[in-house]
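Here is the file final_17.csv (CSV, C-alpha atoms).
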```
chain,number,residue,atom,x,y,z
A,45,MET,CA,-43.4,35.3,29.3
A,46,ALA,CA,-41.6,32.8,27.2
A,47,THR,CA,-38.8,35.2,26.3
A,48,PRO,CA,-36.8,35.2,29.5
A,49,VAL,CA,-36.9,31.3,29.6
A,50,LEU,CA,-35.5,31.2,26.0
A,51,ASP,CA,-32.8,33.6,26.9
A,52,LYS,CA,-31.7,31.4,29.8
A,53,VAL,CA,-31.6,28.3,27.6
A,54,GLU,CA,-29.5,30.1,25.0
A,55,ALA,CA,-27.1,31.4,27.6
A,56,GLU,CA,-26.7,27.9,29.0
A,57,SER,CA,-26.0,26.4,25.6
A,58,ALA,CA,-23.4,29.1,25.0
A,59,ALA,CA,-21.7,28.2,28.2
A,60,SER,CA,-21.8,24.4,27.6
A,61,PRO,CA,-18.8,23.0,25.6
A,62,TYR,CA,-20.8,20.1,24.4
A,63,ILE,CA,-22.0,19.6,20.8
A,64,THR,CA,-24.0,16.8,19.3
A,65,VAL,CA,-21.9,14.7,17.0
A,66,THR,CA,-23.0,11.8,14.8
A,67,PHE,CA,-20.7,8.8,14.7
A,68,ARG,CA,-21.3,6.5,11.7
A,69,ILE,CA,-19.7,3.3,12.6
A,70,ARG,CA,-19.1,0.2,10.4
A,71,ARG,CA,-20.6,-2.7,12.4
A,72,PHE,CA,-19.9,-6.4,11.7
A,73,ASN,CA,-20.8,-9.2,14.0
A,74,PRO,CA,-20.4,-12.7,12.5
A,75,GLU,CA,-22.6,-14.1,15.3
A,76,ILE,CA,-25.6,-12.2,14.0
A,77,SER,CA,-25.1,-11.6,10.3
A,78,ASP,CA,-22.6,-12.0,7.5
A,79,GLU,CA,-23.3,-8.4,6.5
A,80,ALA,CA,-21.4,-5.3,7.6
A,81,ILE,CA,-23.7,-2.3,8.2
A,82,TRP,CA,-23.4,1.4,9.0
A,83,GLU,CA,-24.9,2.3,12.3
A,84,ASP,CA,-25.4,5.9,13.5
A,85,PHE,CA,-24.9,7.1,17.1
A,86,ARG,CA,-25.7,10.6,18.2
A,87,ILE,CA,-23.8,11.7,21.3
A,88,ASP,CA,-23.1,14.9,23.1
A,89,ILE,CA,-19.4,15.5,23.4
A,90,ASP,CA,-16.8,18.3,23.9
A,91,PRO,CA,-15.2,18.9,20.5
A,92,LYS,CA,-11.9,19.1,22.2
A,93,GLU,CA,-12.2,15.5,23.1
A,94,ARG,CA,-10.9,12.7,20.9
A,95,VAL,CA,-12.6,10.1,18.6
A,96,LEU,CA,-11.6,7.4,21.1
A,97,ASP,CA,-13.6,9.3,23.9
A,98,GLY,CA,-16.6,9.3,21.6
A,99,LEU,CA,-16.2,5.5,21.0
A,100,HIS,CA,-15.9,5.0,24.8
A,101,LYS,CA,-19.1,7.0,25.4
A,102,ILE,CA,-20.9,4.9,22.9
A,103,LYS,CA,-19.6,1.6,24.3
A,104,TRP,CA,-20.2,2.6,28.0
A,105,ASP,CA,-23.6,4.4,27.6
A,106,LEU,CA,-25.3,3.4,24.4
A,107,ASP,CA,-24.2,0.0,23.0
A,108,GLY,CA,-21.9,-2.2,25.0
A,109,SER,CA,-21.5,-4.6,22.1
A,110,LEU,CA,-19.4,-2.1,20.1
A,111,THR,CA,-16.0,-3.7,19.7
A,112,PHE,CA,-12.7,-2.0,19.2
A,113,ARG,CA,-9.0,-2.3,20.3
A,114,ARG,CA,-7.3,0.3,22.5
A,115,SER,CA,-4.7,-0.1,25.2
A,116,CYS,CA,-2.8,3.0,26.3
A,117,ALA,CA,-5.2,5.5,24.7
A,118,HIS,CA,-2.3,8.0,24.3
A,119,GLY,CA,-0.8,7.2,20.9
A,120,ILE,CA,1.9,4.9,22.0
A,121,CYS,CA,0.6,1.3,21.9
A,122,GLY,CA,-0.7,1.5,18.4
A,123,SER,CA,-3.9,-0.6,19.1
A,124,ASP,CA,-6.6,1.8,17.9
A,125,ALA,CA,-5.6,2.5,14.3
A,126,MET,CA,-8.9,2.9,12.3
A,127,ARG,CA,-10.2,4.5,9.2
A,128,ILE,CA,-11.8,7.8,10.4
A,129,ASN,CA,-13.5,9.9,7.7
A,130,GLY,CA,-11.8,7.8,5.1
A,131,LYS,CA,-8.3,8.2,6.4
A,132,ASN,CA,-6.2,5.9,8.6
A,133,ARG,CA,-5.6,7.5,12.0
A,134,LEU,CA,-5.3,6.7,15.6
A,135,ALA,CA,-8.6,7.3,17.3
A,136,CYS,CA,-6.7,8.4,20.4
A,137,LYS,CA,-4.8,11.1,18.6
A,138,THR,CA,-7.7,12.5,16.5
A,139,LEU,CA,-9.6,15.5,18.0
A,140,ILE,CA,-13.3,15.8,17.2
A,141,LYS,CA,-12.9,19.5,16.3
A,142,ASP,CA,-10.2,18.6,13.7
A,143,ILE,CA,-12.4,16.4,11.5
A,144,ASN,CA,-15.5,18.5,10.9
A,145,PRO,CA,-18.1,17.4,13.6
A,146,GLU,CA,-20.8,19.2,11.6
A,147,LYS,CA,-21.1,16.1,9.4
A,148,PRO,CA,-21.3,12.5,10.5
A,149,ILE,CA,-17.9,11.1,11.5
A,150,THR,CA,-17.4,7.7,9.7
A,151,VAL,CA,-15.4,5.1,11.6
A,152,GLU,CA,-14.3,1.9,9.8
A,153,PRO,CA,-11.8,-0.9,10.5
A,154,ILE,CA,-8.5,-0.6,8.6
A,155,LYS,CA,-8.5,-2.1,5.1
A,156,GLY,CA,-6.7,-5.1,3.7
A,157,LEU,CA,-6.9,-7.2,6.8
A,158,THR,CA,-9.7,-9.6,7.8
A,159,VAL,CA,-12.4,-8.0,9.9
A,160,LEU,CA,-13.2,-10.1,12.9
A,161,LYS,CA,-15.8,-7.9,14.6
A,162,ASP,CA,-16.7,-4.3,14.3
A,163,LEU,CA,-13.4,-2.4,14.3
A,164,VAL,CA,-11.2,-5.4,15.2
A,165,VAL,CA,-9.1,-6.9,12.4
A,166,ASP,CA,-6.8,-9.9,12.3
A,167,MET,CA,-3.3,-8.4,12.6
A,168,GLU,CA,-1.5,-11.8,12.1
A,169,PRO,CA,-0.5,-11.3,8.4
A,170,PHE,CA,0.8,-7.9,9.4
A,171,PHE,CA,2.9,-9.2,12.2
A,172,GLN,CA,4.1,-12.1,10.1
A,173,ALA,CA,5.5,-9.7,7.6
A,174,TYR,CA,7.2,-7.9,10.5
A,175,ARG,CA,8.7,-11.1,11.8
A,176,ASP,CA,9.9,-12.0,8.3
A,177,VAL,CA,12.3,-9.0,8.2
A,178,MET,CA,14.0,-10.1,11.4
A,179,PRO,CA,13.4,-7.0,13.5
A,180,PHE,CA,16.1,-7.7,16.1
A,181,LEU,CA,19.8,-6.9,16.6
A,182,ILE,CA,22.1,-9.5,14.9
A,183,THR,CA,25.8,-9.5,15.6
A,184,GLU,CA,28.8,-11.7,15.2
A,185,GLY,CA,31.6,-12.6,17.4
A,186,ASN,CA,31.8,-12.4,21.2
A,187,GLU,CA,29.5,-10.4,23.3
A,188,PRO,CA,31.1,-7.2,24.5
A,189,THR,CA,31.5,-6.7,28.2
A,190,ARG,CA,29.9,-3.2,28.1
A,191,GLU,CA,27.3,-1.4,25.9
A,192,ARG,CA,27.6,-1.4,22.2
A,193,LEU,CA,28.5,2.3,21.7
A,194,GLN,CA,27.3,4.4,18.8
A,195,SER,CA,28.0,8.0,17.8
A,196,PRO,CA,25.1,10.5,17.8
A,197,GLU,CA,25.5,10.7,13.9
A,198,ASP,CA,25.2,7.0,13.5
A,199,ARG,CA,22.1,7.0,15.7
A,200,GLU,CA,20.6,9.9,13.7
A,201,ARG,CA,20.8,7.9,10.5
A,202,PHE,CA,17.8,5.7,11.5
A,203,ASP,CA,16.2,7.9,14.1
A,204,ASP,CA,13.0,8.4,12.0
A,205,THR,CA,12.2,4.7,11.7
A,206,THR,CA,12.7,4.0,15.4
A,207,LYS,CA,9.4,5.8,16.1
A,208,CYS,CA,7.2,3.1,14.6
A,209,ILE,CA,4.5,1.8,17.0
A,210,LEU,CA,3.3,-1.0,14.6
A,211,CYS,CA,-0.3,0.3,14.4
A,212,ALA,CA,-0.6,-0.8,10.8
A,213,ALA,CA,-2.0,2.5,9.6
A,214,CYS,CA,0.6,2.7,6.8
A,215,THR,CA,0.4,-0.9,5.7
A,216,SER,CA,-3.4,-0.9,5.6
A,217,SER,CA,-3.4,2.4,3.5
A,218,CYS,CA,-1.2,0.8,0.8
A,219,PRO,CA,-3.1,0.0,-2.4
A,220,VAL,CA,-0.5,-2.7,-3.3
A,221,PHE,CA,-1.1,-4.4,0.1
A,222,TRP,CA,-4.9,-4.2,-0.3
A,223,ASN,CA,-4.6,-6.3,-3.5
A,224,ASP,CA,-1.8,-8.6,-2.5
A,225,GLY,CA,-1.1,-9.5,1.1
A,226,GLN,CA,2.2,-11.1,0.0
A,227,TYR,CA,3.8,-7.7,-0.2
A,228,PHE,CA,5.7,-6.9,2.9
A,229,GLY,CA,4.0,-3.6,3.3
A,230,PRO,CA,5.4,-0.3,4.6
A,231,ALA,CA,5.6,-1.1,8.3
A,232,ALA,CA,7.8,-4.2,7.8
A,233,ILE,CA,10.1,-2.2,5.5
A,234,VAL,CA,10.3,0.6,8.0
A,235,ASN,CA,11.3,-1.8,10.7
A,236,ALA,CA,13.9,-3.5,8.5
A,237,HIS,CA,15.3,0.0,7.7
A,238,ARG,CA,15.7,0.6,11.4
A,239,PHE,CA,18.2,-2.2,11.6
A,240,ILE,CA,19.7,-2.0,8.1
A,241,PHE,CA,21.0,1.5,8.8
A,242,ASP,CA,22.0,0.7,12.4
A,243,SER,CA,25.8,0.8,12.6
A,244,ARG,CA,25.8,-1.9,15.4
A,245,ASP,CA,23.8,-4.4,13.4
A,246,GLU,CA,25.6,-6.9,11.2
A,247,ALA,CA,22.8,-8.6,9.3
A,248,GLY,CA,21.9,-5.6,7.0
A,249,GLU,CA,22.9,-7.7,4.0
A,250,GLN,CA,20.5,-10.5,4.9
A,251,ARG,CA,17.6,-8.1,5.4
A,252,LEU,CA,18.4,-6.4,2.1
A,253,GLU,CA,18.3,-9.7,0.4
A,254,ILE,CA,14.8,-10.4,1.9
A,255,LEU,CA,13.5,-7.0,0.7
A,256,ASN,CA,15.1,-7.5,-2.7
A,257,ASP,CA,12.6,-10.3,-3.4
A,258,ARG,CA,9.5,-10.3,-5.5
A,259,ASP,CA,7.3,-9.1,-2.6
A,260,GLY,CA,9.9,-6.6,-1.3
A,261,VAL,CA,10.6,-3.0,-1.9
A,262,TRP,CA,10.3,-3.1,-5.7
A,263,ARG,CA,6.5,-3.5,-5.4
A,264,CYS,CA,6.3,0.0,-3.8
A,265,ARG,CA,4.5,2.4,-6.2
A,266,THR,CA,5.5,5.5,-4.2
A,267,THR,CA,1.9,6.6,-3.7
A,268,PHE,CA,2.8,8.2,-0.4
A,269,ASN,CA,-0.4,6.9,1.3
A,270,CYS,CA,1.8,5.4,4.0
A,271,THR,CA,3.6,8.7,4.8
A,272,ASP,CA,0.2,10.5,4.9
A,273,ALA,CA,-1.3,7.9,7.2
A,274,CYS,CA,1.6,7.5,9.7
A,275,PRO,CA,0.4,8.9,13.1
A,276,ARG,CA,4.0,9.2,14.2
A,277,GLY,CA,5.0,11.4,11.3
A,278,ILE,CA,7.6,8.9,10.0
A,279,GLU,CA,8.6,9.6,6.4
A,280,VAL,CA,7.7,6.0,5.4
A,281,THR,CA,8.0,6.4,1.6
A,282,LYS,CA,11.4,8.0,2.1
A,283,ALA,CA,12.6,5.0,4.2
A,284,ILE,CA,11.4,2.6,1.5
A,285,GLN,CA,13.3,4.6,-1.1
A,286,GLU,CA,16.4,4.6,1.0
A,287,VAL,CA,16.3,0.8,1.1
A,288,LYS,CA,15.9,0.8,-2.7
A,289,ARG,CA,18.9,3.0,-3.0
A,290,ALA,CA,20.9,0.8,-0.6
A,291,LEU,CA,20.0,-2.2,-2.8
A,292,ILE,CA,21.1,-0.5,-6.0
A,293,THR,CA,24.4,1.0,-4.6
A,294,ARG,CA,25.3,-2.4,-3.1
A,295,ARG,CA,25.3,-3.8,-6.7
A,296,PHE,CA,26.9,-1.0,-8.6
B,989,MET,CA,-12.0,-0.6,-2.9
B,990,SER,CA,-14.2,-0.7,0.1
B,991,LEU,CA,-13.2,-4.3,0.8
B,992,ASN,CA,-15.5,-7.0,-0.2
B,993,LYS,CA,-18.3,-6.3,2.3
B,994,GLU,CA,-20.5,-4.5,-0.2
B,995,ALA,CA,-20.3,-7.6,-2.4
B,996,THR,CA,-21.7,-9.8,0.4
B,997,ASP,CA,-24.5,-7.3,1.1
B,998,ALA,CA,-26.1,-8.3,-2.2
B,999,THR,CA,-26.0,-12.1,-1.4
B,1000,ALA,CA,-26.9,-11.8,2.2
B,1001,ILE,CA,-29.7,-14.1,3.3
B,1002,GLY,CA,-32.3,-12.7,5.7
B,1003,ASP,CA,-34.0,-14.6,8.6
B,1004,VAL,CA,-36.4,-17.3,7.5
B,1005,GLU,CA,-39.4,-17.3,9.8
B,1006,GLY,CA,-37.6,-16.1,12.8
B,1007,VAL,CA,-34.7,-18.6,12.4
B,1008,THR,CA,-31.4,-16.9,12.5
B,1009,LEU,CA,-28.7,-18.3,10.2
B,1010,TYR,CA,-25.8,-17.2,12.4
B,1011,ASP,CA,-25.4,-17.5,16.2
B,1012,VAL,CA,-22.6,-17.9,18.7
B,1013,ASP,CA,-22.0,-21.5,17.7
B,1014,HIS,CA,-22.3,-20.9,14.0
B,1015,PRO,CA,-20.7,-17.6,13.2
B,1016,ALA,CA,-20.8,-16.2,9.7
B,1017,PRO,CA,-17.6,-16.7,7.6
B,1018,VAL,CA,-15.3,-13.7,7.7
B,1019,ILE,CA,-13.9,-12.2,4.5
B,1020,GLU,CA,-10.3,-13.2,4.2
B,1021,ALA,CA,-7.7,-10.7,2.8
B,1022,PRO,CA,-6.4,-11.6,-0.7
B,1023,ARG,CA,-3.2,-13.8,-0.6
B,1024,LYS,CA,-2.4,-13.0,3.0
B,1025,ARG,CA,1.0,-13.6,4.5
B,1026,THR,CA,1.3,-16.6,6.7
B,1027,LYS,CA,4.1,-18.7,8.3
B,1028,LYS,CA,4.1,-20.8,5.1
B,1029,THR,CA,4.9,-17.9,2.8
B,1030,PRO,CA,8.0,-18.9,0.9
B,1031,LYS,CA,11.2,-17.4,2.1
B,1032,ALA,CA,13.1,-14.9,0.0
B,1033,THR,CA,14.7,-16.2,-3.2
B,1034,ARG,CA,18.1,-14.9,-4.3
B,1035,GLY,CA,18.3,-12.9,-7.5
B,1036,ASN,CA,18.0,-9.4,-8.7
B,1037,PHE,CA,15.4,-9.6,-11.4
B,1038,GLU,CA,12.9,-7.3,-9.7
B,1039,MET,CA,15.7,-4.7,-9.1
B,1040,TYR,CA,16.9,-4.8,-12.7
B,1041,GLY,CA,13.2,-4.5,-13.8
B,1042,TRP,CA,12.8,-1.5,-11.6
B,1043,LEU,CA,16.0,0.1,-12.9
B,1044,PHE,CA,15.1,-0.6,-16.5
B,1045,MET,CA,11.8,1.2,-16.1
B,1046,ARG,CA,13.5,4.3,-14.9
B,1047,LEU,CA,16.3,4.3,-17.5
B,1048,SER,CA,14.3,3.3,-20.5
B,1049,GLY,CA,11.7,5.9,-19.4
B,1050,ILE,CA,14.2,8.7,-19.7
B,1051,VAL,CA,15.5,7.5,-23.1
B,1052,LEU,CA,11.9,7.0,-24.4
B,1053,VAL,CA,11.0,10.6,-23.5
B,1054,VAL,CA,13.6,11.8,-26.1
B,1055,LEU,CA,12.9,9.1,-28.6
B,1056,VAL,CA,9.1,9.2,-28.6
B,1057,LEU,CA,8.7,13.0,-28.5
B,1058,GLY,CA,11.3,13.3,-31.3
B,1059,HIS,CA,9.4,10.7,-33.3
B,1060,LEU,CA,6.1,12.4,-32.8
B,1061,LEU,CA,7.6,15.8,-33.7
B,1062,ILE,CA,9.0,14.5,-37.0
B,1063,GLN,CA,6.0,12.4,-37.9
B,1064,LEU,CA,3.2,14.7,-37.0
B,1065,VAL,CA,4.3,18.3,-36.6
B,1066,LEU,CA,7.3,19.3,-38.7
B,1067,ASP,CA,7.4,19.6,-42.5
B,1068,GLY,CA,3.7,19.3,-43.4
B,1069,GLY,CA,2.6,17.1,-40.5
B,1070,VAL,CA,0.8,13.8,-40.8
B,1071,SER,CA,-0.2,14.3,-44.5
B,1072,LYS,CA,3.4,13.7,-45.7
B,1073,ILE,CA,3.6,10.2,-44.3
B,1074,GLY,CA,3.5,7.6,-47.0
B,1075,PHE,CA,5.4,4.6,-48.3
B,1076,ALA,CA,8.0,7.0,-49.9
B,1077,PHE,CA,8.5,8.9,-46.6
B,1078,VAL,CA,9.1,5.7,-44.6
B,1079,ALA,CA,11.4,4.3,-47.4
B,1080,GLY,CA,13.4,7.6,-47.4
B,1081,ARG,CA,13.9,7.5,-43.6
B,1082,TRP,CA,14.8,3.9,-43.4
B,1083,ALA,CA,17.5,4.4,-46.1
B,1084,SER,CA,19.6,6.0,-43.3
B,1085,PRO,CA,21.0,3.7,-40.6
B,1086,PHE,CA,20.5,6.5,-38.1
B,1087,TRP,CA,16.7,6.3,-38.4
B,1088,GLN,CA,16.8,2.5,-38.6
B,1089,ALA,CA,18.7,2.5,-35.3
B,1090,TRP,CA,16.3,5.1,-33.8
B,1091,ASP,CA,13.2,3.1,-34.7
B,1092,LEU,CA,14.8,-0.2,-33.6
B,1093,ILE,CA,15.8,1.2,-30.2
B,1094,MET,CA,12.4,2.9,-29.7
B,1095,LEU,CA,10.6,-0.4,-30.6
B,1096,TRP,CA,12.5,-2.5,-28.2
B,1097,LEU,CA,12.5,0.0,-25.3
B,1098,ALA,CA,8.8,0.9,-25.7
B,1099,MET,CA,7.7,-2.7,-26.0
B,1100,LEU,CA,9.8,-3.9,-23.0
B,1101,HIS,CA,8.9,-0.9,-20.9
B,1102,GLY,CA,5.2,-1.4,-21.6
B,1103,ALA,CA,5.4,-5.1,-21.1
B,1104,ASN,CA,7.1,-4.8,-17.7
B,1105,GLY,CA,4.6,-2.2,-16.7
B,1106,LEU,CA,1.7,-4.5,-17.5
B,1107,ARG,CA,3.5,-7.4,-15.8
B,1108,THR,CA,3.6,-5.4,-12.5
B,1109,ILE,CA,-0.1,-4.5,-13.0
B,1110,ILE,CA,-1.0,-8.1,-13.5
B,1111,ASN,CA,1.0,-9.1,-10.4
B,1112,ASP,CA,-0.8,-6.4,-8.4
B,1113,TYR,CA,-4.3,-7.1,-9.5
B,1114,ALA,CA,-4.7,-10.7,-10.5
B,1115,GLU,CA,-5.8,-12.6,-7.4
B,1116,ARG,CA,-5.7,-16.2,-8.5
B,1117,ASP,CA,-2.4,-17.8,-9.4
B,1118,ASN,CA,-3.9,-19.3,-12.6
B,1119,THR,CA,-5.3,-16.0,-13.9
B,1120,ARG,CA,-1.9,-14.4,-13.1
B,1121,PHE,CA,0.0,-17.1,-15.0
B,1122,TRP,CA,-2.2,-17.0,-18.2
B,1123,LEU,CA,-2.5,-13.2,-18.4
B,1124,LYS,CA,1.3,-13.1,-18.2
B,1125,MET,CA,1.7,-15.7,-20.9
B,1126,LEU,CA,-0.6,-13.8,-23.1
B,1127,LEU,CA,1.4,-10.6,-22.4
B,1128,TYR,CA,4.8,-12.3,-23.2
B,1129,THR,CA,3.5,-13.9,-26.4
B,1130,ALA,CA,2.2,-10.6,-27.6
B,1131,THR,CA,5.4,-8.8,-26.7
B,1132,VAL,CA,7.7,-11.3,-28.3
B,1133,PHE,CA,5.6,-11.4,-31.5
B,1134,THR,CA,5.5,-7.6,-31.9
B,1135,VAL,CA,9.2,-7.1,-31.1
B,1136,LEU,CA,10.3,-9.8,-33.5
B,1137,LEU,CA,7.9,-8.7,-36.3
B,1138,GLY,CA,9.0,-5.1,-35.9
B,1139,THR,CA,12.7,-6.0,-35.9
B,1140,LEU,CA,12.3,-8.2,-39.0
B,1141,VAL,CA,10.6,-5.3,-40.9
B,1142,ILE,CA,13.2,-2.7,-39.9
B,1143,PHE,CA,16.1,-5.0,-41.1
B,1144,THR,CA,14.5,-6.5,-44.2
B,1145,PHE,CA,12.6,-3.5,-45.5
B,1146,ASP,CA,12.8,-3.3,-49.2
B,1147,PRO,CA,12.0,0.1,-50.8
B,1148,ASN,CA,11.7,-1.6,-54.3
B,1149,ILE,CA,8.9,-4.0,-53.2
B,1150,ARG,CA,6.7,-5.1,-56.1
```

For the file at hand, write its structure as structure tokens.
Amino acid sequence: MATPVLDKVEAESAASPYITVTFRIRRFNPEISDEAIWEDFRIDIDPKERVLDGLHKIKWDLDGSLTFRRSCAHGICGSDAMRINGKNRLACKTLIKDINPEKPITVEPIKGLTVLKDLVVDMEPFFQAYRDVMPFLITEGNEPTRERLQSPEDRERFDDTTKCILCAACTSSCPVFWNDGQYFGPAAIVNAHRFIFDSRDEAGEQRLEILNDRDGVWRCRTTFNCTDACPRGIEVTKAIQEVKRALITRRF
Amino acid sequence: MSLNKEATDATAIGDVEGVTLYDVDHPAPVIEAPRKRTKKTPKATRGNFEMYGWLFMRLSGIVLVVLVLGHLLIQLVLDGGVSKIGFAFVAGRWASPFWQAWDLIMLWLAMLHGANGLRTIINDYAERDNTRFWLKMLLYTATVFTVLLGTLVIFTFDPNIR
């Protein structure tokens, strides 16, 4: 008598795309405790969904106090970089099925920046480094009456570094940055690279001088953590090395 | 490096008779990142010291591969190995200006290469400015002492001592 019922249940579970996944989230709330703790949430989710969908499910259905940043939720705004299973990724670009849902999925804030609450960190030092490399077009002389034209080859030169979305996944994966926040970090160097190698820009020399400093490109240890972490696939370490080469060839 | 949170776990204070230590008006202190960048971070200085340091590491590294491997081969492998080394062996080698120059260059390059490497490690890992300064002073003193002593010995070596 029990057999047909079991069969039915099995058939149903085979048809359902949902699996049970454990999210192990690093929680920190300064209004309750000065300790950060791991908290487990078990949710049913389609493995083809993303980690961000899992976080939404937890926030909307289980615990509304879970705090994290996200804006566009489609890998463009760069708000939801976090450390998922020990690697910096965008929660909105990481599919559950790609990160072994058999085991608990750990979600932590990115490292090297002050944790304010749960997965939210203080991005100010990161943006300060970005501002310090002057990430804007600088030119001399009169403004032209039409666009500043550029050949496709000149545009290609810095194409890779235009893709940066300032999510801080690279900078917060850098061991030098973890130990010393004075280091500009990969993201700032990538955004300096974008203007240094732009044929229309005329302040490349100034930016090179900034990155030639004690906390500039020479502190890079080429560990390639940044290239591994970049959700946009920018060859970050290569960009840093190109700035180093420009600094050396400028002298000799 | 799982940040400093684990460290605070050990010193965390629990609730005392239902009184919470932290609430909305009295939040817990957050853990600041080490030496973080602010508006007051000094602007870039001019000078190429770091660039020359970086270049020196690459170039001296290449030369040292030849010098050190050659040195190890002669001292430890060829012609009877380590057992042949004695006062007479060293005296014989240093009679030739070629080996004097070899050892002198190896001493200087290896010491400066190692010292610069340690300098970057201290810069990376020492958090407080005071620790950083004194560790570097210790390093420079040791380096200068060793380089000067070694140079002195190579140039003033007397095989007929005593």

**Message:** Distance limit 6 Å, atoms considered: all atoms listed in the file. Which chain B residues sit that close to chain A? Return them as number ranges by chain.
**Reply:** B: 997, 1010-1012, 1015-1016, 1019-1026, 1032

**Prompt:** Using all atoms listed in the file, which of B:Thr1033, B:Asn1118, B:Ser1084, B:Thr1131 sits nearest Leu1106 of chain B?
**Reply:** B:Thr1131

**Request:** Fewer than 4 positions away in the same chain doesn't count, so skip those; otherwise give me all residues within 12 Å of segment 90-100 of chain A, counting all atoms listed in the file, as an MDAnalysis selection string.
**Result:** chainID A and resid 59:69 84:86 104:119 123:129 133:146 149:152 162:163

**Asked** Taking into account all atoms listed in the file, which residue in the set A:Cys208, A:Ile233, A:Ile87, A:Cys218 is nearest to Ile284 of chain A?
**Response**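 The shortest atom-to-atom distance to Ile284 of chain A comes from A:Ile233.
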
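As for atom CA of Leu181 of chain A and atom CA of Phe239 of chain A, they are spaced 7.0 Å apart.
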
**Message:** Can you measure atom CA of Leu1055 of chain B to atom CA of Trp1090 of chain B for me? One decimal in Å is fine.
**Reply:**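 Taking atom CA of Leu1055 of chain B as the start and atom CA of Trp1090 of chain B as the end point, the length is 7.4 Å.
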
Could you add whatever atoms are missing so that segment 237-250 of chain A carries N, CA and C atoms, then write the result as a tab-separated table (two decimals), keeping the file's coordinate frame?
```tsv
chain	number	residue	atom	x	y	z
A	237	HIS	N	14.43	-1.18	7.83
A	237	HIS	CA	15.30	0.00	7.70
A	237	HIS	C	15.91	0.39	9.00
A	238	ARG	N	15.19	0.27	10.08
A	238	ARG	CA	15.70	0.60	11.40
A	238	ARG	C	16.96	-0.18	11.74
A	239	PHE	N	17.03	-1.44	11.27
A	239	PHE	CA	18.20	-2.20	11.60
A	239	PHE	C	19.25	-2.22	10.46
A	240	ILE	N	18.78	-2.08	9.20
A	240	ILE	CA	19.70	-2.00	8.10
A	240	ILE	C	20.70	-0.87	8.25
A	241	PHE	N	20.19	0.27	8.71
A	241	PHE	CA	21.00	1.50	8.80
A	241	PHE	C	21.57	1.69	10.22
A	242	ASP	N	21.47	0.65	11.06
A	242	ASP	CA	22.00	0.70	12.40
A	242	ASP	C	23.48	0.25	12.35
A	243	SER	N	24.41	1.12	12.77
A	243	SER	CA	25.80	0.80	12.60
A	243	SER	C	26.22	-0.43	13.51
A	244	ARG	N	25.44	-0.75	14.53
A	244	ARG	CA	25.80	-1.90	15.40
A	244	ARG	C	25.36	-3.22	14.85
A	245	ASP	N	24.41	-3.18	13.92
A	245	ASP	CA	23.80	-4.40	13.40
A	245	ASP	C	24.70	-4.99	12.28
A	246	GLU	N	24.76	-6.31	12.18
A	246	GLU	CA	25.60	-6.90	11.20
A	246	GLU	C	24.87	-7.81	10.19
A	247	ALA	N	23.54	-7.74	10.19
A	247	ALA	CA	22.80	-8.60	9.30
A	247	ALA	C	22.05	-7.74	8.22
A	248	GLY	N	22.54	-6.52	8.00
A	248	GLY	CA	21.90	-5.60	7.00
A	248	GLY	C	21.80	-6.32	5.65
A	249	GLU	N	22.88	-7.03	5.29
A	249	GLU	CA	22.90	-7.70	4.00
A	249	GLU	C	21.78	-8.72	3.86
A	250	GLN	N	21.57	-9.49	4.95
A	250	GLN	CA	20.50	-10.50	4.90
A	250	GLN	C	19.13	-9.85	4.76
```
